[in-house]
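For reference, entry-v4.txt (compact mmCIF, C-alpha atoms):
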# COMPACT_ATOMS: atom_id res chain seq x y z
CA MET A 1 0.00 0.00 0.00
CA GLU A 2 2.83 2.39 0.86
CA ARG A 3 4.47 1.75 -2.51
CA LYS A 4 1.22 2.46 -4.34
CA SER A 5 0.71 5.59 -2.27
CA ALA A 6 4.21 6.83 -3.05
CA ALA A 7 3.78 6.12 -6.76
CA GLY A 8 0.46 7.95 -6.72
CA SER A 9 2.04 10.96 -5.05
CA ILE A 10 4.76 11.07 -7.67
CA ARG A 11 2.20 10.89 -10.49
CA ASN A 12 0.15 13.64 -8.85
CA LYS A 13 3.24 15.80 -8.51
CA GLU A 14 4.19 15.34 -12.16
CA ARG A 15 0.64 16.09 -13.28
CA SER A 16 0.54 19.25 -11.19
CA LYS A 17 3.94 20.37 -12.46
CA LYS A 18 2.78 19.86 -16.03
CA LYS A 19 -0.35 21.90 -15.32
CA PHE A 20 1.80 24.78 -14.08
CA LEU A 21 4.12 24.56 -17.10
CA ASP A 22 1.17 24.40 -19.49
CA ALA A 23 -0.39 27.40 -17.71
CA VAL A 24 2.79 29.43 -18.21
CA GLY A 25 2.69 28.62 -21.93
CA LYS A 26 -0.98 29.50 -22.25
CA ILE A 27 -0.55 32.85 -20.50
CA LEU A 28 2.59 33.63 -22.47
CA LYS A 29 0.75 33.05 -25.76
CA THR A 30 -2.36 35.04 -24.82
CA LYS A 31 -1.08 37.82 -22.54
CA GLY A 32 2.67 37.89 -23.06
CA TYR A 33 5.37 37.70 -20.41
CA ALA A 34 3.82 40.64 -18.52
CA GLY A 35 0.89 38.36 -17.66
CA LEU A 36 3.01 35.78 -15.84
CA LYS A 37 1.82 36.39 -12.27
CA VAL A 38 1.67 33.78 -9.52
CA ASN A 39 -2.07 34.06 -8.98
CA ASP A 40 -2.87 33.98 -12.69
CA ILE A 41 -0.66 30.95 -13.28
CA ALA A 42 -2.19 29.07 -10.35
CA SER A 43 -5.70 29.97 -11.48
CA THR A 44 -5.03 28.85 -15.05
CA ALA A 45 -3.42 25.63 -13.83
CA GLY A 46 -6.18 24.94 -11.34
CA VAL A 47 -3.59 24.16 -8.66
CA ASP A 48 -2.89 25.90 -5.33
CA LYS A 49 -0.24 28.57 -5.85
CA LYS A 50 1.67 27.26 -2.82
CA MET A 51 2.65 24.27 -4.92
CA ILE A 52 4.69 26.54 -7.19
CA TYR A 53 7.07 27.00 -4.26
CA THR A 54 6.87 23.33 -3.28
CA TYR A 55 7.61 21.97 -6.77
CA PHE A 56 9.77 24.70 -8.27
CA GLY A 57 11.08 26.72 -5.34
CA GLY A 58 9.20 29.78 -6.57
CA MET A 59 8.39 31.65 -9.75
CA ASP A 60 11.99 31.81 -10.97
CA GLY A 61 12.29 28.03 -10.75
CA LEU A 62 9.01 27.56 -12.61
CA ILE A 63 9.99 29.96 -15.38
CA ASP A 64 13.45 28.33 -15.59
CA GLU A 65 11.94 24.90 -16.13
CA TYR A 66 9.40 26.20 -18.62
CA ILE A 67 12.09 27.94 -20.67
CA ARG A 68 14.25 24.82 -20.74
CA SER A 69 11.28 22.78 -21.96
CA GLN A 70 10.62 25.08 -24.92
CA ASP A 71 13.98 26.02 -26.37
CA TYR A 72 15.02 24.19 -29.54
CA TRP A 73 18.80 24.40 -29.33
CA ILE A 74 18.99 23.52 -25.65
CA LYS A 75 17.51 20.15 -26.54
CA VAL A 76 20.69 19.37 -28.45
CA THR A 77 22.49 18.10 -25.37
CA ASP A 78 26.16 17.18 -25.07
CA ASP A 79 25.19 13.51 -24.74
CA LYS A 80 23.44 13.53 -28.11
CA ILE A 81 26.32 15.34 -29.76
CA ASP A 82 28.89 12.97 -28.28
CA LYS A 83 27.00 10.06 -29.84
CA ILE A 84 26.88 11.80 -33.22
CA ILE A 85 30.53 12.93 -33.43
CA PRO A 86 32.13 9.52 -34.16
CA ASN A 87 29.80 9.04 -37.15
CA ILE A 88 30.42 12.42 -38.77
CA ASN A 89 32.66 12.28 -41.82
CA ASP A 90 31.51 15.35 -43.75
CA GLY A 91 32.60 18.04 -41.31
CA GLY A 92 29.09 18.31 -39.89
CA LYS A 93 27.50 19.50 -43.13
CA GLU A 94 24.50 17.16 -43.06
CA PHE A 95 24.09 17.66 -39.32
CA ILE A 96 23.95 21.47 -39.37
CA GLU A 97 21.70 21.56 -42.44
CA GLU A 98 19.22 19.25 -40.73
CA MET A 99 19.42 21.28 -37.51
CA LEU A 100 18.74 24.59 -39.25
CA LEU A 101 15.83 23.20 -41.25
CA SER A 102 14.33 21.63 -38.13
CA GLN A 103 14.77 24.83 -36.13
CA PHE A 104 13.06 26.84 -38.87
CA GLU A 105 9.97 24.64 -38.68
CA TYR A 106 10.03 24.28 -34.88
CA VAL A 107 9.87 28.02 -34.22
CA TYR A 108 7.24 28.55 -36.92
CA LYS A 109 4.90 25.98 -35.37
CA ASN A 110 5.61 26.82 -31.73
CA LYS A 111 3.99 30.10 -30.69
CA GLU A 112 5.42 29.76 -27.20
CA ALA A 113 8.94 29.57 -28.60
CA GLN A 114 8.25 32.75 -30.56
CA LYS A 115 7.12 34.52 -27.40
CA LEU A 116 10.26 33.37 -25.60
CA LEU A 117 12.42 34.80 -28.37
CA LEU A 118 10.62 38.13 -28.15
CA TRP A 119 10.94 38.04 -24.37
CA SER A 120 14.67 37.32 -24.53
CA ILE A 121 15.33 40.55 -26.47
CA SER A 122 12.80 42.67 -24.58
CA GLU A 123 13.98 42.60 -20.97
CA PRO A 124 16.83 41.29 -18.83
CA ARG A 125 15.93 38.29 -16.69
CA LYS A 126 18.06 35.69 -14.92
CA SER A 127 16.05 32.80 -16.38
CA LEU A 128 16.56 34.08 -19.91
CA ARG A 129 20.22 34.80 -19.28
CA LYS A 130 20.66 31.22 -18.08
CA LEU A 131 18.94 29.98 -21.23
CA ILE A 132 21.25 32.02 -23.46
CA ASP A 133 24.32 30.87 -21.52
CA THR A 134 23.26 27.23 -21.85
CA GLN A 135 22.63 27.69 -25.58
CA GLU A 136 26.12 29.12 -25.97
CA GLU A 137 27.69 26.29 -23.97
CA ASN A 138 25.95 23.68 -26.12
CA GLY A 139 26.86 25.60 -29.25
CA GLU A 140 30.50 25.84 -28.21
CA HIS A 141 30.63 22.09 -27.66
CA ILE A 142 29.30 21.56 -31.18
CA PHE A 143 31.71 24.05 -32.75
CA GLU A 144 34.76 22.68 -30.95
CA ASN A 145 34.03 19.03 -31.70
CA ILE A 146 32.45 19.15 -35.15
CA PHE A 147 33.10 22.35 -37.08
CA GLU A 148 36.51 23.58 -35.91
CA PRO A 149 38.31 20.35 -36.91
CA HIS A 150 36.84 20.79 -40.39
CA PHE A 151 37.17 24.54 -40.99
CA LEU A 152 40.36 25.06 -38.96
CA GLU A 153 41.49 28.71 -39.38
CA LYS A 154 38.20 29.55 -41.08
CA SER A 155 36.05 28.31 -38.20
CA GLU A 156 35.46 31.89 -37.01
CA ASP A 157 34.05 32.75 -40.43
CA PHE A 158 31.76 29.75 -40.23
CA ARG A 159 30.60 30.93 -36.79
CA ALA A 160 29.69 34.28 -38.34
CA VAL A 161 27.68 32.57 -41.10
CA MET A 162 25.82 30.49 -38.51
CA ALA A 163 25.10 33.57 -36.39
CA ILE A 164 23.44 35.27 -39.35
CA MET A 165 21.51 32.17 -40.38
CA VAL A 166 20.17 31.24 -36.93
CA SER A 167 19.15 34.79 -36.04
CA GLY A 168 17.69 35.32 -39.51
CA LEU A 169 15.52 32.22 -39.27
CA TYR A 170 14.30 33.31 -35.85
CA TYR A 171 13.39 36.74 -37.19
CA LEU A 172 11.57 35.47 -40.27
CA ASN A 173 9.32 33.28 -38.16
CA ILE A 174 8.58 36.00 -35.61
CA PHE A 175 7.93 38.54 -38.37
CA ALA A 176 5.53 36.16 -40.12
CA SER A 177 3.65 35.59 -36.88
CA VAL A 178 3.49 39.13 -35.53
CA ASN A 179 3.57 41.78 -38.25
CA GLY A 180 2.71 40.20 -41.55
CA SER A 181 3.96 37.50 -43.84
CA ILE A 182 5.67 39.16 -46.83
CA PHE A 183 9.42 39.60 -46.52
CA CYS A 184 11.59 40.39 -49.56
CA GLY A 185 8.55 39.54 -51.66
CA LEU A 186 8.24 36.04 -50.19
CA ASP A 187 5.22 34.94 -48.18
CA MET A 188 6.63 33.42 -45.00
CA ASN A 189 3.28 31.82 -44.21
CA SER A 190 2.91 30.07 -47.54
CA THR A 191 4.24 26.61 -48.41
CA GLU A 192 6.02 28.02 -51.47
CA GLY A 193 7.67 30.84 -49.56
CA ARG A 194 8.89 28.57 -46.78
CA GLU A 195 10.18 25.99 -49.23
CA ARG A 196 12.26 28.71 -50.89
CA ILE A 197 13.76 29.63 -47.52
CA LYS A 198 14.56 25.96 -46.90
CA ARG A 199 16.29 25.71 -50.26
CA ALA A 200 18.23 28.86 -49.38
CA ILE A 201 19.32 27.26 -46.10
CA SER A 202 20.66 24.24 -47.98
CA PHE A 203 22.34 26.50 -50.53
CA LEU A 204 24.08 28.62 -47.88
CA VAL A 205 25.30 25.56 -46.00
CA GLU A 206 26.59 24.09 -49.27
CA GLN A 207 28.37 27.33 -50.19
CA SER A 208 29.90 27.65 -46.73
CA TYR A 209 31.35 24.16 -46.85
CA ASP A 210 32.54 24.48 -50.43
CA ASN A 211 34.04 27.96 -50.30
CA LEU A 212 35.31 28.39 -46.75
CA HIS A 213 37.06 25.06 -46.92
CA LYS A 214 38.59 25.87 -50.31
CA ILE A 215 39.81 29.25 -49.03
CA ASP A 216 41.42 27.51 -46.09
CA GLU A 217 43.18 25.00 -48.34
CA LYS A 218 44.51 27.83 -50.56
CA SER A 219 45.90 29.65 -47.53
CA LYS A 220 47.90 26.57 -46.57
CA SER A 221 49.37 26.02 -50.05

As structure tokens, how would this structure be written, given the file I've shared?
Amino acid sequence: MERKSAAGSIRNKERSKKKFLDAVGKILKTKGYAGLKVNDIASTAGVDKKMIYTYFGGMDGLIDEYIRSQDYWIKVTDDKIDKIIPNINDGGKEFIEEMLLSQFEYVYKNKEAQKLLLWSISEPRKSLRKLIDTQEENGEHIFENIFEPHFLEKSEDFRAVMAIMVSGLYYLNIFASVNGSIFCGLDMNSTEGRERIKRAISFLVEQSYDNLHKIDEKSKS
């Protein structure tokens, strides 16, 4: 009986935590980050607000966990990368192309992720700073173990290309969701427009691998 009771308590706890996390997402989508108040979150979740402190240690802990659950790049953990590295023989070309294409679609379909991106550039917050720091740590692990061995002296140039591509894909999705859909004459909410962006992603990755690597080889000769 005690075992069943303990298992039931754990399930109840996980259900309640999920309700709080879902409530944060719902409020973020409908009211924005300004609407994230303890009472509103508890009311939306249908759970006593005291449990926010019991399960998460307070609002900061709740927001921290919510942010971690929504970010695309933070899901690319070191463990996953370490399993991928031994099987990479193209300098990470296929890997980064797939990652960029997946990120483009993930942000487009996830309104909560869009709100988080807007939030991250709208106000300073410890939770968001921690998210950005974790993203950078994961990104650094990827660069050091996959891209730097391939691009060598040109790895900094490849970092610059990736910075433009990642931020550009974020912006296109947010723009399409918030202020309209036409950008440079392409409809970011249409299948045709998005397919063109995807082809551009593949093209830019291809060009980066072809040209940066060739430049590096010339500099050594």

Original post:
So, counting only C-alpha atoms, which residue among A:Ile52, A:Ile81, A:Asp187, A:Glu105 is closest to Gly139 in chain A?
Top reply: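 Once distances to Gly139 in chain A are computed over only C-alpha atoms, the minimum belongs to A:Ile81.
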
Please define a box with edges along x, y and z of the file around all atoms of range 20-36 of chain A given in the file, extend it by 4 Å on each side, and return its centre and edge lengths in Å to one decimal, as AutoDock Vina command-line options.
--center_x 1.5 --center_y 32.5 --center_z -19.9 --size_x 15.7 --size_y 24.2 --size_z 19.7

**OP:** Check the smallest atom-to-atom distance from each of A:Glu97, A:Glu195, A:Asp60, A:Asp22 to Val38 in chain A using all atoms listed in the file, then report the winner.
**Re:**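 The answer is A:Asp60, which sits nearest to Val38 in chain A.
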
Original post:
So what do you get for CA of Asp133 in chain A versus CA of Ala42 in chain A, distance-wise?
Top reply: 28.8 Å

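Here CA of Tyr108 in chain A is placed at a distance of 14.6 Å from CA of Glu192 in chain A.
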
**OP:** Pick out the closest residue to Val205 in chain A from this set: A:Gly35, A:Gly92, A:Gly25, A:Gly58. Count only C-alpha atoms.
**Re:** A:Gly92

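Remark: residues at most 10 Å from position (32.0, 15.5, -36.9) in file coordinates are Ile81, Asp82, Ile84, Ile85, Pro86, Asn87, Ile88, Asn89, Asp90, Gly91, Gly92, Lys93, Glu94, Phe95, Ile142, Phe143, Glu144, Asn145, Ile146, Phe147, Glu148, Pro149 and His150 of chain A, using all atoms listed in the file.
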
9 Å contact set for range 54-56 of chain A, all atoms listed in the file, chain neighbours under 4 positions out, as a PDB file with C-alpha atoms, keeping the file's coordinate frame:
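Everything below was put into selection03.pdb:
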ATOM      1  CA  LYS A  13       3.240  15.800  -8.510  1.00  0.00           C
ATOM      2  CA  SER A  16       0.540  19.250 -11.190  1.00  0.00           C
ATOM      3  CA  LYS A  17       3.940  20.370 -12.460  1.00  0.00           C
ATOM      4  CA  LYS A  50       1.670  27.260  -2.820  1.00  0.00           C
ATOM      5  CA  ASP A  60      11.990  31.810 -10.970  1.00  0.00           C
ATOM      6  CA  GLY A  61      12.290  28.030 -10.750  1.00  0.00           C
ATOM      7  CA  LEU A  62       9.010  27.560 -12.610  1.00  0.00           C
ATOM      8  CA  ILE A  63       9.990  29.960 -15.380  1.00  0.00           C
ATOM      9  CA  ASP A  64      13.450  28.330 -15.590  1.00  0.00           C
ATOM     10  CA  GLU A  65      11.940  24.900 -16.130  1.00  0.00           C
TER      11      GLU A  65
END

Original post:
How far is it from CA of Asn189 in chain A to CA of Asn173 in chain A, in Å with one decimal?
Top reply: 8.7 Å

Subject >> Non-local contacts of Leu204 in chain A (10 Å; only C-alpha atoms; under 3 positions in same chain excluded) as JSON, numbers by chain >> reply: {"A": [97, 161, 162, 165, 198, 199, 200, 201, 207, 208, 209, 210]}

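Using all atoms listed in the file for every distance, the candidate list A:Leu21, A:Cys184, A:Leu131, A:Ile174 yields A:Ile174 as the residue closest to Asn110 in chain A.
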
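Residue nearest Tyr106 in chain A, chosen from A:Lys83, A:Ser120, A:Lys154, A:Tyr170 and counting all atoms listed in the file: A:Tyr170.
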
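Among the candidates A:Asn179, A:Gln103, A:Asn12, A:Asn39, the one nearest to Val166 in chain A when counting all atoms listed in the file is A:Gln103.
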
Subject >> Neighbour list for Val24 in chain A as a ChimeraX atom specification, cut-off 10 Å, all atoms listed in the file, skip fewer than 2 positions in-chain >> reply: /A:18-22,26-29,32-33,35-38,40-42,44-45,62-63,66-67,112

Completed range 132-149 of chain A (N, CA, C and O atoms) as a compact mmCIF listing (two decimals), keeping the file's coordinate frame:
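part_24.txt, written as the output of this step:
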# COMPACT_ATOMS: atom_id res chain seq x y z
N ILE A 132 20.28 31.58 -22.44
CA ILE A 132 21.25 32.02 -23.46
C ILE A 132 22.62 31.44 -23.17
O ILE A 132 23.33 30.97 -24.08
N ASP A 133 23.02 31.43 -21.90
CA ASP A 133 24.32 30.87 -21.52
C ASP A 133 24.39 29.38 -21.84
O ASP A 133 25.41 28.88 -22.34
N THR A 134 23.29 28.66 -21.57
CA THR A 134 23.26 27.23 -21.85
C THR A 134 23.31 26.97 -23.35
O THR A 134 23.98 26.05 -23.83
N GLN A 135 22.59 27.80 -24.12
CA GLN A 135 22.63 27.69 -25.58
C GLN A 135 24.06 27.86 -26.08
O GLN A 135 24.52 27.12 -26.96
N GLU A 136 24.75 28.85 -25.54
CA GLU A 136 26.12 29.12 -25.97
C GLU A 136 27.06 27.98 -25.59
O GLU A 136 27.95 27.61 -26.35
N GLU A 137 26.86 27.42 -24.40
CA GLU A 137 27.69 26.29 -23.97
C GLU A 137 27.50 25.09 -24.89
O GLU A 137 28.46 24.45 -25.31
N ASN A 138 26.23 24.79 -25.20
CA ASN A 138 25.95 23.68 -26.12
C ASN A 138 26.52 23.96 -27.51
O ASN A 138 27.09 23.08 -28.16
N GLY A 139 26.34 25.22 -27.94
CA GLY A 139 26.86 25.60 -29.25
C GLY A 139 28.37 25.50 -29.32
O GLY A 139 28.93 25.03 -30.32
N GLU A 140 29.03 25.90 -28.24
CA GLU A 140 30.50 25.84 -28.21
C GLU A 140 30.98 24.40 -28.29
O GLU A 140 31.98 24.09 -28.95
N HIS A 141 30.27 23.51 -27.61
CA HIS A 141 30.63 22.09 -27.66
C HIS A 141 30.52 21.56 -29.08
O HIS A 141 31.38 20.80 -29.54
N ILE A 142 29.49 21.98 -29.79
CA ILE A 142 29.30 21.56 -31.18
C ILE A 142 30.40 22.12 -32.07
O ILE A 142 31.00 21.41 -32.88
N PHE A 143 30.68 23.42 -31.93
CA PHE A 143 31.71 24.05 -32.75
C PHE A 143 33.07 23.41 -32.53
O PHE A 143 33.80 23.10 -33.48
N GLU A 144 33.43 23.20 -31.27
CA GLU A 144 34.76 22.68 -30.95
C GLU A 144 34.96 21.25 -31.42
O GLU A 144 36.06 20.86 -31.81
N ASN A 145 33.89 20.45 -31.39
CA ASN A 145 34.03 19.03 -31.70
C ASN A 145 33.64 18.64 -33.12
O ASN A 145 34.04 17.57 -33.58
N ILE A 146 32.89 19.49 -33.80
CA ILE A 146 32.45 19.15 -35.15
C ILE A 146 33.00 20.10 -36.21
O ILE A 146 33.59 19.67 -37.20
N PHE A 147 32.80 21.40 -36.01
CA PHE A 147 33.10 22.35 -37.08
C PHE A 147 34.55 22.83 -37.09
O PHE A 147 35.14 22.98 -38.16
N GLU A 148 35.13 23.08 -35.94
CA GLU A 148 36.51 23.58 -35.91
C GLU A 148 37.50 22.60 -36.53
O GLU A 148 38.41 23.02 -37.25
N PRO A 149 37.38 21.29 -36.27
CA PRO A 149 38.31 20.35 -36.91
C PRO A 149 38.20 20.35 -38.43
O PRO A 149 39.15 19.99 -39.13
